[in-house]
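Undergrad: Below are the structure tokens for one structure; questions will follow.
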Amino acid sequence: MDKKDFLRVADYTKRDMLDVLDLASRIKARQKKGDPFQPLTGKTLGLIFQKSSTRTRVSFEVGMYQLGGYPLFLSANDLQLKRGETIGDTAQTLSRMLDAIMLRTFAHSEIEELARYATVPVINGLTDDHHPCQIMADLLTVLEHKKKLKGLTVTWVGDGNNVLNSWIEAAPMLGINLRMAVPKGYAPDKEILKYGVDLARKEGTEMLLTNDPVEGVKKSDVIYTDVWVSMGQDAEKEKKLRDFRDFQINETLVKHANRDYLFMHCLPAHRGEEVSAGVIDGPNSIVFDEAENRLHAQKAILVMHLLRGKKINV
Ligand code: CP
Ligand code: NVA
């Protein structure tokens with residue numbers, strides 16, 4: 001891979017996606033054997049968080065440490081960015097001291113601006129529009145459980161949000177059929193949807209948008225959901241809780257899926273809202289394998305971008 005940044009799934013080709021997944025599996029296997037793999041010794045990663053995080057922060061910090069490097073958590077509240085320093089000046093300054101920057105923020109245009117000014121790799125740890133690192137971990141998890149990706153049907157039930165946008169960009173590239181069951185008025189971003197539909201047509205995969213969760217989950221291999229109220233949307237909470245009432249993944253809905261369906265959720269979850277406790281804590285749920293794989297997938301992403309153009313032996 002020769003890409004500097006990873007801002008959205010569409011930055012990757014199919015080859016890039018497969019290379020990251022393959023590297024992630026090999027790094028994970030080595031880690032499980034207790035055999036250290038430290039190709040990033042002496043490298044530094046800055047982590048800027050404008051929103052809360054449990055998984056993304058811990059997986060990047062621990063991942064960088066395990067790869068031999070040094071992670072710096074940079075709380076947005078303490079940076080001069082908060083007091084009006086420009087994204088451009090921040091990017092140029094940090095590029096003189098760090099080997100890569102991860103940013104979690106609101107508007108996707110902010111990370112695009114950071115990447116434009118930064119001379120070091122910029123990795124998206126979630127924006128309002130995309131969550132690409134999550135999807136690489138999700139794909140690794142599905143691959144481990146189903147032993148393949150091509151030909152599977154993944155159904156998203158819930159909000160047309162950042163995580164779904166990243167799934168839309170990823171699924172057709174890897175031969176995965178994607179069904180989206182969302183309430184009226186909550187369809188994903190129009191341009192991203194068009195990108196996905198065009199790609200699905202080209203790759204010969206299904207991409208279906210429906211307002212009917214039962215139609216969505218029929219014969220599905222994976223059922224995926226996310227919170228109804230994403231970070232930054234608290235003002236819309238009451239309305240969203242009402243509008244999403246019929247979109248809970250529960251024991252009644254999953255009866256329409258394949259018997260061996262997998263339940264996935266990027267987490268954090270709200271039991272009793274988007275998912276019942278019986279489903280998320282039940283035998284088909286793989287949410288904690290999925291959470292663990294954030295660590296392994298991101299280690300592969302870090303190695304790929306920080307050592308771009310170099311031969312990587314694991
Ligand atoms: N899935 C995810 O990104 O979790 P955090 O918000 O805890 O990082
Ligand atoms: N859609 C959620 C994902 C959290 C990981 C949010 O943006 O809050």
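Chain labels run A, B, ... following the order of the structure tokens; each chain numbers its residues from 1, and ligands are numbered from 1 in the order shown.
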Taking only C-alpha atoms and all ligand atoms into account, which residues have an atom no farther than 7 Å from ligand 1? I'd like them as a VMD selection string.
TA: chain A and resid 52 to 57 126 134 266 to 268
Undergrad: Would you kindly return, as an MDAnalysis selection string, each protein, DNA or RNA residue with an atom no farther than 12 Å from any atom of range 245-251 of chain A, considering only C-alpha atoms and excluding same-chain residues fewer than 6 positions away?
TA: chainID A and resid 155:159 180:184 186 210:217 222:228 238:239 257 259 263:265 269:285
Undergrad: Taking only C-alpha atoms and all ligand atoms and a cut-off of 6 Å, can you tell me which residues surround ligand 2, written as a PyMOL selection string?
TA: chain A and resi 161-163+230-231+266-267
Undergrad: With N, CA, C and O atoms kept, could you save the residues just selected as a short mmCIF file (atom, residue, chain, number, x, y, z; two decimals), in the first residue's frame?
TA:
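Contents of part.cif, freshly written:
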data_model
loop_
_atom_site.label_atom_id
_atom_site.label_comp_id
_atom_site.auth_asym_id
_atom_site.auth_seq_id
_atom_site.Cartn_x
_atom_site.Cartn_y
_atom_site.Cartn_z
N ASN A 161 -26.28 6.17 9.56
CA ASN A 161 -25.23 7.02 10.17
C ASN A 161 -23.83 6.73 9.62
O ASN A 161 -23.67 6.05 8.59
N ASN A 162 -22.84 7.26 10.34
CA ASN A 162 -21.43 7.13 9.94
C ASN A 162 -20.97 5.68 9.76
O ASN A 162 -20.27 5.36 8.80
N VAL A 163 -21.39 4.79 10.66
CA VAL A 163 -20.94 3.39 10.57
C VAL A 163 -21.58 2.74 9.33
O VAL A 163 -20.91 2.04 8.56
N SER A 230 -26.51 9.15 17.86
CA SER A 230 -25.05 9.21 17.78
C SER A 230 -24.51 10.41 18.55
O SER A 230 -25.26 11.34 18.89
N MET A 231 -23.20 10.40 18.77
CA MET A 231 -22.57 11.51 19.50
C MET A 231 -22.80 12.81 18.74
O MET A 231 -22.63 12.86 17.52
N CYS A 266 -21.21 -2.01 16.77
CA CYS A 266 -19.89 -1.39 16.97
C CYS A 266 -19.65 -1.03 18.43
O CYS A 266 -18.51 -0.87 18.83
N LEU A 267 -20.74 -0.92 19.22
CA LEU A 267 -20.70 -0.52 20.63
C LEU A 267 -20.24 0.93 20.74
O LEU A 267 -19.47 1.36 19.89
#
Undergrad: For Leu103 in chain A, find every residue with an atom within 7 Å (counting only C-alpha atoms), except residues of its own chain fewer than 4 positions away, and show them as a list in words.
TA: Leu47, Ile48, Phe49, Ile111, Ile123, Asn124 and Gly125 of chain A
Undergrad: Could you give me, as a ChimeraX atom specification, the residues within 9 Å of Gly46 in chain A, counting only C-alpha atoms and dropping anything in the same chain fewer than 2 positions from it?
TA: /A:44,48,70-74,94,98-103
Undergrad: Those same residues, written as an mmCIF file, in the first residue's frame with all heavy atoms?
TA:
data_model
loop_
_atom_site.group_PDB
_atom_site.id
_atom_site.type_symbol
_atom_site.label_atom_id
_atom_site.label_comp_id
_atom_site.auth_asym_id
_atom_site.auth_seq_id
_atom_site.Cartn_x
_atom_site.Cartn_y
_atom_site.Cartn_z
ATOM 1 N N THR A 44 5.921 7.540 16.655
ATOM 2 C CA THR A 44 4.931 8.147 17.561
ATOM 3 C C THR A 44 3.607 8.390 16.830
ATOM 4 O O THR A 44 3.588 8.698 15.644
ATOM 5 C CB THR A 44 5.449 9.495 18.091
ATOM 6 O OG1 THR A 44 5.875 10.275 16.970
ATOM 7 C CG2 THR A 44 6.599 9.318 19.062
ATOM 8 N N ILE A 48 -6.051 12.569 18.631
ATOM 9 C CA ILE A 48 -6.861 13.737 18.996
ATOM 10 C C ILE A 48 -8.330 13.334 19.061
ATOM 11 O O ILE A 48 -8.885 12.837 18.071
ATOM 12 C CB ILE A 48 -6.700 14.875 17.961
ATOM 13 C CG1 ILE A 48 -5.225 15.217 17.737
ATOM 14 C CG2 ILE A 48 -7.484 16.119 18.413
ATOM 15 C CD1 ILE A 48 -4.996 16.249 16.630
ATOM 16 N N TYR A 70 4.990 4.728 20.303
ATOM 17 C CA TYR A 70 4.552 5.505 21.461
ATOM 18 C C TYR A 70 3.310 6.323 21.097
ATOM 19 O O TYR A 70 3.365 7.159 20.203
ATOM 20 C CB TYR A 70 5.694 6.430 21.906
ATOM 21 C CG TYR A 70 5.370 7.251 23.122
ATOM 22 C CD1 TYR A 70 5.351 6.678 24.380
ATOM 23 C CD2 TYR A 70 5.070 8.614 22.999
ATOM 24 C CE1 TYR A 70 5.041 7.439 25.500
ATOM 25 C CE2 TYR A 70 4.760 9.386 24.115
ATOM 26 C CZ TYR A 70 4.749 8.788 25.360
ATOM 27 O OH TYR A 70 4.437 9.530 26.465
ATOM 28 N N PRO A 71 2.174 6.064 21.767
ATOM 29 C CA PRO A 71 0.968 6.849 21.497
ATOM 30 C C PRO A 71 0.832 8.034 22.445
ATOM 31 O O PRO A 71 1.118 7.917 23.627
ATOM 32 C CB PRO A 71 -0.151 5.835 21.771
ATOM 33 C CG PRO A 71 0.428 4.934 22.828
ATOM 34 C CD PRO A 71 1.930 4.979 22.742
ATOM 35 N N LEU A 72 0.397 9.175 21.929
ATOM 36 C CA LEU A 72 0.136 10.342 22.785
ATOM 37 C C LEU A 72 -1.337 10.679 22.683
ATOM 38 O O LEU A 72 -1.828 11.001 21.594
ATOM 39 C CB LEU A 72 0.871 11.582 22.281
ATOM 40 C CG LEU A 72 2.358 11.695 22.382
ATOM 41 C CD1 LEU A 72 2.994 11.090 21.139
ATOM 42 C CD2 LEU A 72 2.727 13.163 22.466
ATOM 43 N N PHE A 73 -2.043 10.621 23.796
ATOM 44 C CA PHE A 73 -3.454 11.023 23.826
ATOM 45 C C PHE A 73 -3.506 12.544 23.922
ATOM 46 O O PHE A 73 -2.956 13.131 24.860
ATOM 47 C CB PHE A 73 -4.160 10.370 25.020
ATOM 48 C CG PHE A 73 -5.561 10.881 25.214
ATOM 49 C CD1 PHE A 73 -6.563 10.533 24.323
ATOM 50 C CD2 PHE A 73 -5.881 11.717 26.271
ATOM 51 C CE1 PHE A 73 -7.863 11.015 24.487
ATOM 52 C CE2 PHE A 73 -7.173 12.192 26.443
ATOM 53 C CZ PHE A 73 -8.161 11.840 25.542
ATOM 54 N N LEU A 74 -4.149 13.176 22.955
ATOM 55 C CA LEU A 74 -4.222 14.641 22.921
ATOM 56 C C LEU A 74 -5.681 15.062 23.059
ATOM 57 O O LEU A 74 -6.413 15.093 22.065
ATOM 58 C CB LEU A 74 -3.633 15.159 21.598
ATOM 59 C CG LEU A 74 -2.185 14.740 21.310
ATOM 60 C CD1 LEU A 74 -1.806 15.051 19.878
ATOM 61 C CD2 LEU A 74 -1.228 15.436 22.271
ATOM 62 N N LEU A 94 2.234 19.368 14.238
ATOM 63 C CA LEU A 94 2.290 17.965 14.688
ATOM 64 C C LEU A 94 3.099 17.104 13.708
ATOM 65 O O LEU A 94 3.769 16.161 14.120
ATOM 66 C CB LEU A 94 0.869 17.403 14.856
ATOM 67 C CG LEU A 94 0.045 18.027 15.995
ATOM 68 C CD1 LEU A 94 -1.332 17.388 16.081
ATOM 69 C CD2 LEU A 94 0.765 17.890 17.347
ATOM 70 N N LEU A 98 5.468 14.193 15.086
ATOM 71 C CA LEU A 98 4.832 12.875 15.159
ATOM 72 C C LEU A 98 5.021 12.119 13.841
ATOM 73 O O LEU A 98 5.289 12.722 12.805
ATOM 74 C CB LEU A 98 3.326 13.029 15.408
ATOM 75 C CG LEU A 98 2.892 13.686 16.715
ATOM 76 C CD1 LEU A 98 1.395 13.994 16.686
ATOM 77 C CD2 LEU A 98 3.214 12.774 17.897
ATOM 78 N N ASP A 99 4.806 10.810 13.891
ATOM 79 C CA ASP A 99 4.875 9.991 12.665
ATOM 80 C C ASP A 99 3.499 9.715 12.086
ATOM 81 O O ASP A 99 3.394 9.237 10.949
ATOM 82 C CB ASP A 99 5.597 8.679 12.972
ATOM 83 C CG ASP A 99 7.043 8.924 13.346
ATOM 84 O OD1 ASP A 99 7.803 9.356 12.464
ATOM 85 O OD2 ASP A 99 7.398 8.761 14.530
ATOM 86 N N ALA A 100 2.433 9.949 12.850
ATOM 87 C CA ALA A 100 1.067 9.787 12.336
ATOM 88 C C ALA A 100 0.101 10.465 13.305
ATOM 89 O O ALA A 100 0.431 10.692 14.476
ATOM 90 C CB ALA A 100 0.709 8.305 12.198
ATOM 91 N N ILE A 101 -1.078 10.796 12.789
ATOM 92 C CA ILE A 101 -2.111 11.446 13.613
ATOM 93 C C ILE A 101 -3.427 10.702 13.419
ATOM 94 O O ILE A 101 -3.819 10.413 12.287
ATOM 95 C CB ILE A 101 -2.327 12.922 13.179
ATOM 96 C CG1 ILE A 101 -1.023 13.708 13.208
ATOM 97 C CG2 ILE A 101 -3.400 13.593 14.063
ATOM 98 C CD1 ILE A 101 -1.088 15.057 12.480
ATOM 99 N N MET A 102 -4.100 10.382 14.530
ATOM 100 C CA MET A 102 -5.478 9.881 14.459
ATOM 101 C C MET A 102 -6.388 10.974 14.968
ATOM 102 O O MET A 102 -6.081 11.619 15.973
ATOM 103 C CB MET A 102 -5.632 8.627 15.326
ATOM 104 C CG MET A 102 -6.971 7.940 15.155
ATOM 105 S SD MET A 102 -7.879 7.746 16.708
ATOM 106 C CE MET A 102 -8.459 9.380 17.068
ATOM 107 N N LEU A 103 -7.501 11.198 14.280
ATOM 108 C CA LEU A 103 -8.454 12.220 14.716
ATOM 109 C C LEU A 103 -9.857 11.645 14.795
ATOM 110 O O LEU A 103 -10.316 10.960 13.870
ATOM 111 C CB LEU A 103 -8.447 13.404 13.725
ATOM 112 C CG LEU A 103 -9.515 14.488 13.960
ATOM 113 C CD1 LEU A 103 -9.310 15.209 15.286
ATOM 114 C CD2 LEU A 103 -9.500 15.509 12.815
#
Undergrad: If you run DSSP on this backbone, which residues of range 97-211 of chain A come out as helix (DSSP H, G or I), and could you give them as a PyMOL selection string?
TA: chain A and resi 108-117+132-146+162-170+172-174+190-203
Undergrad: Using only C-alpha atoms, determine which residues lie at most 12 Å from Lys311 in chain A, disregarding the query and same-chain residues fewer than 5 positions distant; provide the list as a list of chain:residue names.
TA: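 That gives A:Met1, A:Asp2, A:Pro39, A:Val303, A:Met304, A:His305, A:Leu306.
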Undergrad: So, counting only C-alpha atoms, which residue among A:Lys255, A:His296, A:Arg116, A:Arg8 is closest to Met64 in chain A?
TA: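 Checking each candidate against Met64 in chain A, we get A:His296 as the closest.
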Undergrad: Quick one: everything within 6 Å of range 22-25 of chain A, counting only C-alpha atoms, minus sequence neighbours fewer than 3 positions away in the same chain. Send it as a list in words.
TA: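 Counting only the stated atoms, we get Asp19, Lys28, His296, Ala297 and Ala300 of chain A.
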Undergrad: Quick one: residues within 7 Å of Asn165 in chain A, only C-alpha atoms counted, chain neighbours fewer than 5 positions away excluded, as a PyMOL selection string?
TA: chain A and resi 129-130+188+192
Undergrad: Which of these residues is nearest to His108 in chain A, using only C-alpha atoms: A:Pro132, A:Pro121, A:Pro172, A:Pro36?
TA: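 Among A:Pro132, A:Pro121, A:Pro172, A:Pro36, it is A:Pro132 that comes nearest to His108 in chain A.
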Undergrad: Would you please work out which residue, of A:Gln31, A:Thr119, A:Ser220, A:Thr105, is nearest to Gly88 in chain A when using only C-alpha atoms?
TA: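 Distance minimum relative to Gly88 in chain A lands on A:Thr119.
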